[in-house]
Protein chains: 2
Amino acid sequence: MNYTPPIREMQFVLHEVLDAAGTLQGGGIDIDRDTIDGVIEGAGDFCARVLDPINAVGDREGCRLVGDTVVTPPGFKKAYDQYVVGGWPAVDCEVEHGGGGMPSTVGSVIKEMLAASNPSWSLYTSLSAGTYWCLNVNASDALKRRYLPQLASGKWTGTMCLTEPHCGTDLGLLTTRAVPADDGSYLISGTKMFISSGEHDLAENIVHLVLARTPDAPKGTRGISLFAVSKHTVGSDGAVGDRNGVYCDSIESKMGLHGSSTCVLRFENAVGHLVGEVNMGLAAMFVMMNSARLGTGVQALGMNERANQKATAYARERIQSRAPESLRTPNQAADSIIDQPDVRRMLLTQKAWVGGSRLFLYWLALQVDLRKSSSDPAIREYAEDMLSLLTPVAKAFVSDRAVESASLGMQVHGGAGYIIDYGAEQILRDARILPIYEGTNGVQSHDLLQRKVLNDGGRRLKQLLEMVSNYAHTLEGREEMDLFRVALITLAGEIDTLTTDLARWAQDDDLRVGTSAVDFLNLVGYYVFAYFWARAADTVVQLGDQATDLHKQQLAVARYYFDKLLPDTLSLLVRARSDTAILMDDAAIAF
Amino acid sequence: MNYTPPIREMQFVLHEVLDAAGTLQGGGIDIDRDTIDGVIEGAGDFCARVLDPINAVGDREGCRLVGDTVVTPPGFKKAYDQYVVGGWPAVDCEVEHGGGGMPSTVGSVIKEMLAASNPSWSLYTSLSAGTYWCLNVNASDALKRRYLPQLASGKWTGTMCLTEPHCGTDLGLLTTRAVPADDGSYLISGTKMFISSGEHDLAENIVHLVLARTPDAPKGTRGISLFAVSKHTVGSDGAVGDRNGVYCDSIESKMGLHGSSTCVLRFENAVGHLVGEVNMGLAAMFVMMNSARLGTGVQALGMNERANQKATAYARERIQSRAPESLRTPNQAADSIIDQPDVRRMLLTQKAWVGGSRLFLYWLALQVDLRKSSSDPAIREYAEDMLSLLTPVAKAFVSDRAVESASLGMQVHGGAGYIIDYGAEQILRDARILPIYEGTNGVQSHDLLQRKVLNDGGRRLKQLLEMVSNYAHTLEGREEMDLFRVALITLAGEIDTLTTDLARWAQDDDLRVGTSAVDFLNLVGYYVFAYFWARAADTVVQLGDQATDLHKQQLAVARYYFDKLLPDTLSLLVRARSDTAILMDDAAIAF
């Protein structure tokens, strides 16, 4: 057993800290705690029983390109069939497309377990969900009827085709062409790369969402349109027809995620259908991108949980050296390494990142549901503000923490951590893509500081600071919460001052945002995690004698976070103010 | 070309900052600058021409176990033959064994280039060097005559056999047996694992240095003896005879270093010869361990250099997005990403770690030579003090920086960083062992704080602080050096106060050392790098108008280090004082 779904930890976050059912009900979504728990437990069972056992073989065997078909690793197809039969793809899709209509929050919890039990396999499903939602928001009714029920059922899967060999971050450079045909469709030609799940043998059809330029489109990002291009053409009756002009020329050999096919796709006069308006493709795709960025955070959470579970289990079993306080096994020749302070440091750091990520991401998932369903425009707007502000933090901060945690998990294993059989190093290889894809973490930090903070005069950031400070003030007079309260209020003041300074400096210095953005994003990440760990601690403290062992664990990890990890903000506050001229001194890169 | 030996950067450190030739001459070693340069350039040429081109194939093909013989990747054997013919193994071996008698400092520079050009291949050579030196210090004249000329020539290679399946860090638990035979030899039986270069096809014989217990030896580390066991027996005439009872049962599948064979070795009544005294094996082996720990730092430096070279080259070539100050290519559609502040941040961080590592490690290598050769006992003692204090820092801090740098190098590459063909991810996979082997970095930090600092009442640390502060005071009145001077003096005071506090607290708290050790080691690492970057900056500032572009680069990186990286010490100073009770709260690991 490599992964046990942490159902109880999830329930603590969902129900005890965030009151998910109550929040959703307040947002007009008819769901109760038992329903949520039932779905999560069912999905957890599927992940542990079906996906976890084929994770290592997926890494070892990888995908193979045979002709222009990708053969997925042994067991992947069978697991996918079970996933479809179980109705899991449809859980949070709309009822009208055959979906279960469950809130996005429940979908996020399931995504966490999919990514934890088998990160490679889970990618085939996560892009389908993104495709579904992008079409649901942007496509015509005819396209929706054609694609959405098939995506919801999992009968077909989806991809997002943005990157080309010469452009990734800078999509304004893309050159794939879309030529109008007489029947209202378009003929798409060009090469797309790094396309996850671009070709595979799991489903009978694949729907590619492709960014391309129509003839005479303006240059740059204002001339990009979005098209749906399916691997097999689809007749007016919905039946799958001939192969379309989409070919997988090669798949990438990657550091990790070997079971996930990463394809170079060649489009040659492939029949595509416009999604949304001409030249508005980037905005349409951003629905999917933002969802994918949150989803990257959720994947990171899952891999982080896996890393911590493996390391904790190993640290318990491994007997080596005397611990400084050899209380548990004084009669043995040596102690379990879990009683070494430095091993505790590594395990607790993982736990602080895992738990903080879960609190933060589940809360954001609730905002996704409220934004969509609440009847109160103020709640919808607030949710949108928080999501736009914090999506880059969820993508970048949480993914960096997962990479850190995967590396700590290897370190806990000592020499065994470097050996493939033990499964610890695979997590680092799989997780290392997270800070890169769906917009690098550097891009996320720029998005946060420039677009989400400075461009609106700090309005959304102020809302966040107020939410946290208002909460912190409610803790006054409760001695057990002083540690948390004081740190939250102090840090709010420091972030506020820093933001004011950065805004002023950025007026006269083009380099300021780029110089400070990563440190600023990390600072906000530490701050948000502090807020949620304080709320978790608060929840436990209020239980008093009713607190179970799990509750006490949460409180202990919260204290560790404030004591040992939050001090990193001291450095970040200084680093964020570092000199732009020193950073950009061209002498430094002369060689 | 993936790696260009940074000869000019090395010369800057060796000659301009550290005055290596003068220092060595003062230590009684007859060498001049031209001789040093000639050897380094020759070795660099070999690394770039022979080793670098077979680095990727070594990763791709790996080692194979055929019967009980390990077949190394294509090209490895031919490269090894060239290495032997060129006389490179012998460069820093003793003249009486056929060696070149060059100082260890020159050997370190060569090791850096071997590890940078081909980390896997270089492991076959680095353990031979360790075996040579361990035998040279500890073995009888008869054993020396038998083994040392063969190791110096590279005709045979060496290994260190410490780890067993149930014990790595805690060698007191080892169970391999050594039974005395009538002829004065011993019969060795037991299983050793994680043995680098334990079996391979590069050389005609392999000398294993094996830790084992004689019958009735005391328990724990006081009952361990050291034996030399060769793969093939050696006749009294020195000729290679039959296979000895050493068998390679399997080789490990690892995250990286695929071209290096990591073996499980089974010893079955293998004929071995005692090295040094019975039961004194651990002390004898520590000669090799300490050398291997410094060597790990040097490997880390090499891999770090490789990561930075690759990332810098990619950042220059990759055209994507407009840079904030688009000065170089205003007429292009986009700019080179090297002009993005966040890319500069990553490249400069790498350069700061590479350059700081090189300054620090070359200085330590000079101490190795002075310890051995100086006629002045005070100089020898000082060198020994600095080496014992700073070897754990060289191993742990420098290897952590290499892993960080390899990861930053991937990040600079964006999506290409995750693809094997680009060669960036291999560096992270290869480097990730460095914080684990030769004693995990957690073990190093404990060695530093407990054994090297607290156990001698801070004597050696005080010497370091004095050396740095004395230097800093010489900078008074030189405005250009104020930034460096003030930071060095401030940090010395903070480290001094922290050490005093930790010493006091540790008296009553068994958990204090384990709780603070990693942060303490990192603090010393940042401090030592600051000292050496200040000296490098000083060297350039004193050149005035004579400074070349390379000199200006060094000064720019030094300023970046002080401005952007050294502030991390603010966090470390707080983290090092974190609460032992919070860290060790058992509630936190209840699940």
# chains A, B, ... in the order shown; residues from 1 in each chain; ligands from 1

call {"tool": "interface_residues", "arguments": {"of": "chain A", "to": "chain B", "cutoff": "6 Å", "atoms": "only C-alpha atoms", "output": "PyMOL selection string"}}
result
chain A and resi 170+253-255+320-321+324+341-342+414+418-420+436+510+514-515+552-553+556-557+560+564+567-568+570-571+575+578+582+587-588

call {"tool": "write_last_selection", "arguments": {"atoms": "C-alpha atoms", "output": "tab-separated table (two decimals), in the first residue's frame"}}
result
chain	number	residue	atom	x	y	z
A	170	ASP	CA	4.38	34.14	-25.30
A	253	SER	CA	10.81	11.32	-23.10
A	254	LYS	CA	10.35	13.09	-19.83
A	255	MET	CA	11.88	13.18	-16.37
A	320	GLN	CA	18.96	3.31	12.92
A	321	SER	CA	21.01	5.06	15.62
A	324	PRO	CA	18.25	11.75	21.63
A	341	PRO	CA	14.61	15.66	15.48
A	342	ASP	CA	15.88	16.22	11.97
A	414	GLY	CA	18.38	8.11	2.96
A	418	TYR	CA	17.49	7.36	-4.58
A	419	ILE	CA	16.49	3.81	-5.55
A	420	ILE	CA	13.55	3.47	-7.92
A	436	ILE	CA	6.67	24.58	-15.04
A	510	ASP	CA	10.26	48.93	-15.20
A	514	GLY	CA	10.05	41.33	-12.24
A	515	THR	CA	12.61	41.73	-9.48
A	552	LYS	CA	-4.27	17.20	18.29
A	553	GLN	CA	-2.11	16.39	15.32
A	556	ALA	CA	0.69	20.39	16.63
A	557	VAL	CA	1.40	20.90	12.94
A	560	TYR	CA	5.15	23.92	14.00
A	564	LYS	CA	9.60	27.00	12.26
A	567	PRO	CA	9.98	32.93	9.97
A	568	ASP	CA	10.95	32.52	6.31
A	570	LEU	CA	11.58	37.67	7.42
A	571	SER	CA	13.89	36.93	4.51
A	575	ARG	CA	14.46	40.01	-0.62
A	578	SER	CA	16.23	43.93	-3.36
A	582	ILE	CA	22.10	44.81	-9.07
A	587	ALA	CA	28.19	42.52	-16.33
A	588	ALA	CA	26.90	39.48	-14.46

call {"tool": "residues_around", "arguments": {"residues": "Asp68 (chain A)", "least_positions_apart": "4", "cutoff": "7 Å", "atoms": "only C-alpha atoms", "output": "ChimeraX atom specification"}}
result
/A:247-249

call {"tool": "write_last_selection", "arguments": {"atoms": "all heavy atoms", "output": "CSV table (one decimal), in the first residue's frame"}}
result
chain,number,residue,atom,x,y,z
A,247,TYR,N,-2.3,14.4,-36.3
A,247,TYR,CA,-1.4,13.2,-36.2
A,247,TYR,C,-0.4,13.4,-35.1
A,247,TYR,O,0.2,14.5,-34.9
A,247,TYR,CB,-0.6,13.1,-37.5
A,247,TYR,CG,-1.5,13.1,-38.7
A,247,TYR,CD1,-1.8,14.2,-39.4
A,247,TYR,CD2,-2.2,11.9,-39.1
A,247,TYR,CE1,-2.7,14.2,-40.5
A,247,TYR,CE2,-3.1,11.9,-40.2
A,247,TYR,CZ,-3.3,13.1,-40.9
A,247,TYR,OH,-4.2,13.1,-41.9
A,248,CYS,N,-0.1,12.4,-34.3
A,248,CYS,CA,0.9,12.4,-33.3
A,248,CYS,C,2.2,12.0,-33.9
A,248,CYS,O,2.4,10.8,-34.3
A,248,CYS,CB,0.5,11.5,-32.2
A,248,CYS,SG,1.8,11.4,-30.9
A,249,ASP,N,3.1,12.9,-34.1
A,249,ASP,CA,4.4,12.6,-34.7
A,249,ASP,C,5.4,12.0,-33.8
A,249,ASP,O,6.3,11.3,-34.2
A,249,ASP,CB,5.0,13.9,-35.3
A,249,ASP,CG,4.4,14.2,-36.7
A,249,ASP,OD1,3.7,13.3,-37.2
A,249,ASP,OD2,4.5,15.4,-37.2

call {"tool": "residues_around", "arguments": {"residues": "region 233-244 of chain B", "least_positions_apart": "6", "cutoff": "10 Å", "atoms": "only C-alpha atoms", "output": "tab-separated table (two decimals) with all heavy atoms, in the first residue's frame"}}
result
chain	number	residue	atom	x	y	z
B	142	ALA	N	53.72	-3.50	3.13
B	142	ALA	CA	53.50	-4.60	2.17
B	142	ALA	C	52.22	-4.36	1.37
B	142	ALA	O	52.19	-4.52	0.15
B	142	ALA	CB	53.41	-5.93	2.92
B	145	ARG	N	52.71	-1.52	-1.09
B	145	ARG	CA	53.45	-1.93	-2.30
B	145	ARG	C	52.53	-2.70	-3.25
B	145	ARG	O	52.62	-2.58	-4.46
B	145	ARG	CB	54.64	-2.80	-1.92
B	145	ARG	CG	55.89	-2.02	-1.59
B	145	ARG	CD	57.12	-2.92	-1.53
B	145	ARG	NE	56.98	-4.01	-0.57
B	145	ARG	CZ	57.28	-3.91	0.74
B	145	ARG	NH1	57.72	-2.77	1.23
B	145	ARG	NH2	57.10	-4.94	1.55
B	146	ARG	N	51.65	-3.49	-2.65
B	146	ARG	CA	50.78	-4.31	-3.48
B	146	ARG	C	49.74	-3.47	-4.24
B	146	ARG	O	49.47	-3.70	-5.41
B	146	ARG	CB	50.06	-5.34	-2.61
B	146	ARG	CG	49.14	-6.25	-3.41
B	146	ARG	CD	48.44	-7.26	-2.54
B	146	ARG	NE	49.39	-8.07	-1.79
B	146	ARG	CZ	49.05	-9.15	-1.07
B	146	ARG	NH1	47.79	-9.53	-1.03
B	146	ARG	NH2	49.94	-9.82	-0.40
B	147	TYR	N	49.15	-2.50	-3.51
B	147	TYR	CA	47.98	-1.83	-4.10
B	147	TYR	C	48.25	-0.44	-4.67
B	147	TYR	O	47.63	-0.04	-5.65
B	147	TYR	CB	46.88	-1.70	-3.03
B	147	TYR	CG	46.30	-3.02	-2.59
B	147	TYR	CD1	46.26	-3.36	-1.23
B	147	TYR	CD2	45.79	-3.94	-3.51
B	147	TYR	CE1	45.71	-4.57	-0.81
B	147	TYR	CE2	45.25	-5.14	-3.09
B	147	TYR	CZ	45.21	-5.46	-1.74
B	147	TYR	OH	44.68	-6.64	-1.34
B	150	GLN	N	49.18	0.37	-8.37
B	150	GLN	CA	48.11	-0.03	-9.28
B	150	GLN	C	46.94	0.94	-9.23
B	150	GLN	O	46.27	1.19	-10.25
B	150	GLN	CB	47.61	-1.45	-8.92
B	150	GLN	CG	48.72	-2.47	-8.74
B	150	GLN	CD	49.33	-2.89	-10.06
B	150	GLN	OE1	49.22	-2.20	-11.06
B	150	GLN	NE2	49.97	-4.05	-10.07
B	204	GLU	N	41.20	-4.06	-14.53
B	204	GLU	CA	41.41	-5.49	-14.38
B	204	GLU	C	41.22	-5.98	-12.95
B	204	GLU	O	41.08	-7.18	-12.71
B	204	GLU	CB	42.80	-5.89	-14.89
B	204	GLU	CG	43.92	-5.35	-14.02
B	204	GLU	CD	45.28	-5.97	-14.34
B	204	GLU	OE1	45.48	-6.41	-15.49
B	204	GLU	OE2	46.14	-5.98	-13.44
B	205	ASN	N	41.21	-5.06	-12.00
B	205	ASN	CA	41.01	-5.48	-10.61
B	205	ASN	C	40.37	-4.35	-9.82
B	205	ASN	O	40.43	-3.18	-10.23
B	205	ASN	CB	42.34	-5.89	-9.97
B	205	ASN	CG	42.15	-6.89	-8.83
B	205	ASN	OD1	41.02	-7.27	-8.51
B	205	ASN	ND2	43.25	-7.31	-8.23
B	206	ILE	N	39.72	-4.71	-8.72
B	206	ILE	CA	39.04	-3.73	-7.87
B	206	ILE	C	39.46	-4.00	-6.43
B	206	ILE	O	39.40	-5.15	-5.97
B	206	ILE	CB	37.50	-3.83	-8.00
B	206	ILE	CG1	37.07	-3.62	-9.45
B	206	ILE	CG2	36.82	-2.83	-7.08
B	206	ILE	CD1	35.57	-3.86	-9.70
B	207	VAL	N	39.87	-2.96	-5.71
B	207	VAL	CA	40.26	-3.10	-4.31
B	207	VAL	C	39.13	-2.56	-3.44
B	207	VAL	O	38.84	-1.36	-3.48
B	207	VAL	CB	41.56	-2.32	-4.02
B	207	VAL	CG1	41.99	-2.55	-2.57
B	207	VAL	CG2	42.66	-2.71	-4.99
B	267	PHE	N	30.09	-11.01	0.03
B	267	PHE	CA	31.43	-11.52	0.36
B	267	PHE	C	31.25	-12.91	0.96
B	267	PHE	O	30.52	-13.07	1.95
B	267	PHE	CB	32.12	-10.60	1.37
B	267	PHE	CG	32.46	-9.25	0.80
B	267	PHE	CD1	31.50	-8.23	0.76
B	267	PHE	CD2	33.72	-8.97	0.31
B	267	PHE	CE1	31.81	-6.99	0.23
B	267	PHE	CE2	34.04	-7.73	-0.21
B	267	PHE	CZ	33.08	-6.74	-0.26
B	268	GLU	N	31.87	-13.90	0.35
B	268	GLU	CA	31.78	-15.27	0.86
B	268	GLU	C	33.17	-15.81	1.06
B	268	GLU	O	33.85	-16.22	0.10
B	268	GLU	CB	31.03	-16.17	-0.15
B	268	GLU	CG	29.55	-16.22	0.11
B	268	GLU	CD	28.88	-17.27	-0.76
B	268	GLU	OE1	29.59	-18.18	-1.28
B	268	GLU	OE2	27.66	-17.17	-0.93
B	269	ASN	N	33.62	-15.78	2.30
B	269	ASN	CA	34.98	-16.22	2.60
B	269	ASN	C	35.99	-15.60	1.64
B	269	ASN	O	36.89	-16.27	1.14
B	269	ASN	CB	35.08	-17.75	2.54
B	269	ASN	CG	34.29	-18.38	3.68
B	269	ASN	OD1	34.35	-17.91	4.82
B	269	ASN	ND2	33.54	-19.44	3.36
B	270	ALA	N	35.80	-14.31	1.40
B	270	ALA	CA	36.74	-13.60	0.54
B	270	ALA	C	38.02	-13.32	1.33
B	270	ALA	O	37.96	-12.93	2.50
B	270	ALA	CB	36.13	-12.28	0.07
B	271	VAL	N	39.15	-13.52	0.69
B	271	VAL	CA	40.42	-13.26	1.36
B	271	VAL	C	40.64	-11.76	1.49
B	271	VAL	O	40.58	-11.03	0.49
B	271	VAL	CB	41.59	-13.89	0.57
B	271	VAL	CG1	42.93	-13.56	1.25
B	271	VAL	CG2	41.40	-15.39	0.46
B	272	GLY	N	40.84	-11.31	2.74
B	272	GLY	CA	41.07	-9.90	2.97
B	272	GLY	C	42.29	-9.69	3.84
B	272	GLY	O	42.74	-10.61	4.52

call {"tool": "residues_around", "arguments": {"residues": "Lys77 (chain A)", "least_positions_apart": "5", "cutoff": "9 Å", "atoms": "only C-alpha atoms", "output": "MDAnalysis selection string"}}
result
chainID A and resid 72 82 201:203

call {"tool": "closest_residue", "arguments": {"among": "B:Leu187, B:Val246, B:Val57, B:Ala116", "to": "Gly75 (chain B)", "atoms": "only C-alpha atoms"}}
result
B:Val57

call {"tool": "residues_around", "arguments": {"residues": "Thr131 (chain A)", "least_positions_apart": "5", "cutoff": "12 Å", "atoms": "only C-alpha atoms", "output": "ChimeraX atom specification"}}
result
/A:93,124-126,136-139,144,147-152,154,156-161,197,206-210,226-230,275,284-289,291-292

call {"tool": "closest_residue", "arguments": {"among": "B:Leu361, B:Leu523, B:Ala472, B:Cys47", "to": "Ile110 (chain B)", "atoms": "only C-alpha atoms"}}
result
B:Cys47

call {"tool": "atom_distance", "arguments": {"atom1": "CA of Asn308 (chain B)", "atom2": "CA of Pro53 (chain B)"}}
result
17.9 Å

call {"tool": "atom_distance", "arguments": {"atom1": "CA of Ser469 (chain A)", "atom2": "CA of Gly295 (chain A)"}}
result
28.0 Å

call {"tool": "residues_around", "arguments": {"residues": "Gln25 (chain B)", "least_positions_apart": "3", "cutoff": "12 Å", "atoms": "only C-alpha atoms", "output": "JSON, numbers by chain"}}
result
{"B": [19, 20, 21, 22, 28, 29, 30, 31, 32, 33, 103, 366, 369, 370, 373, 374, 375]}

call {"tool": "closest_residue", "arguments": {"among": "B:Ile427, B:Ala383, B:Val298, B:Leu135", "to": "Ser399 (chain B)", "atoms": "only C-alpha atoms"}}
result
B:Val298
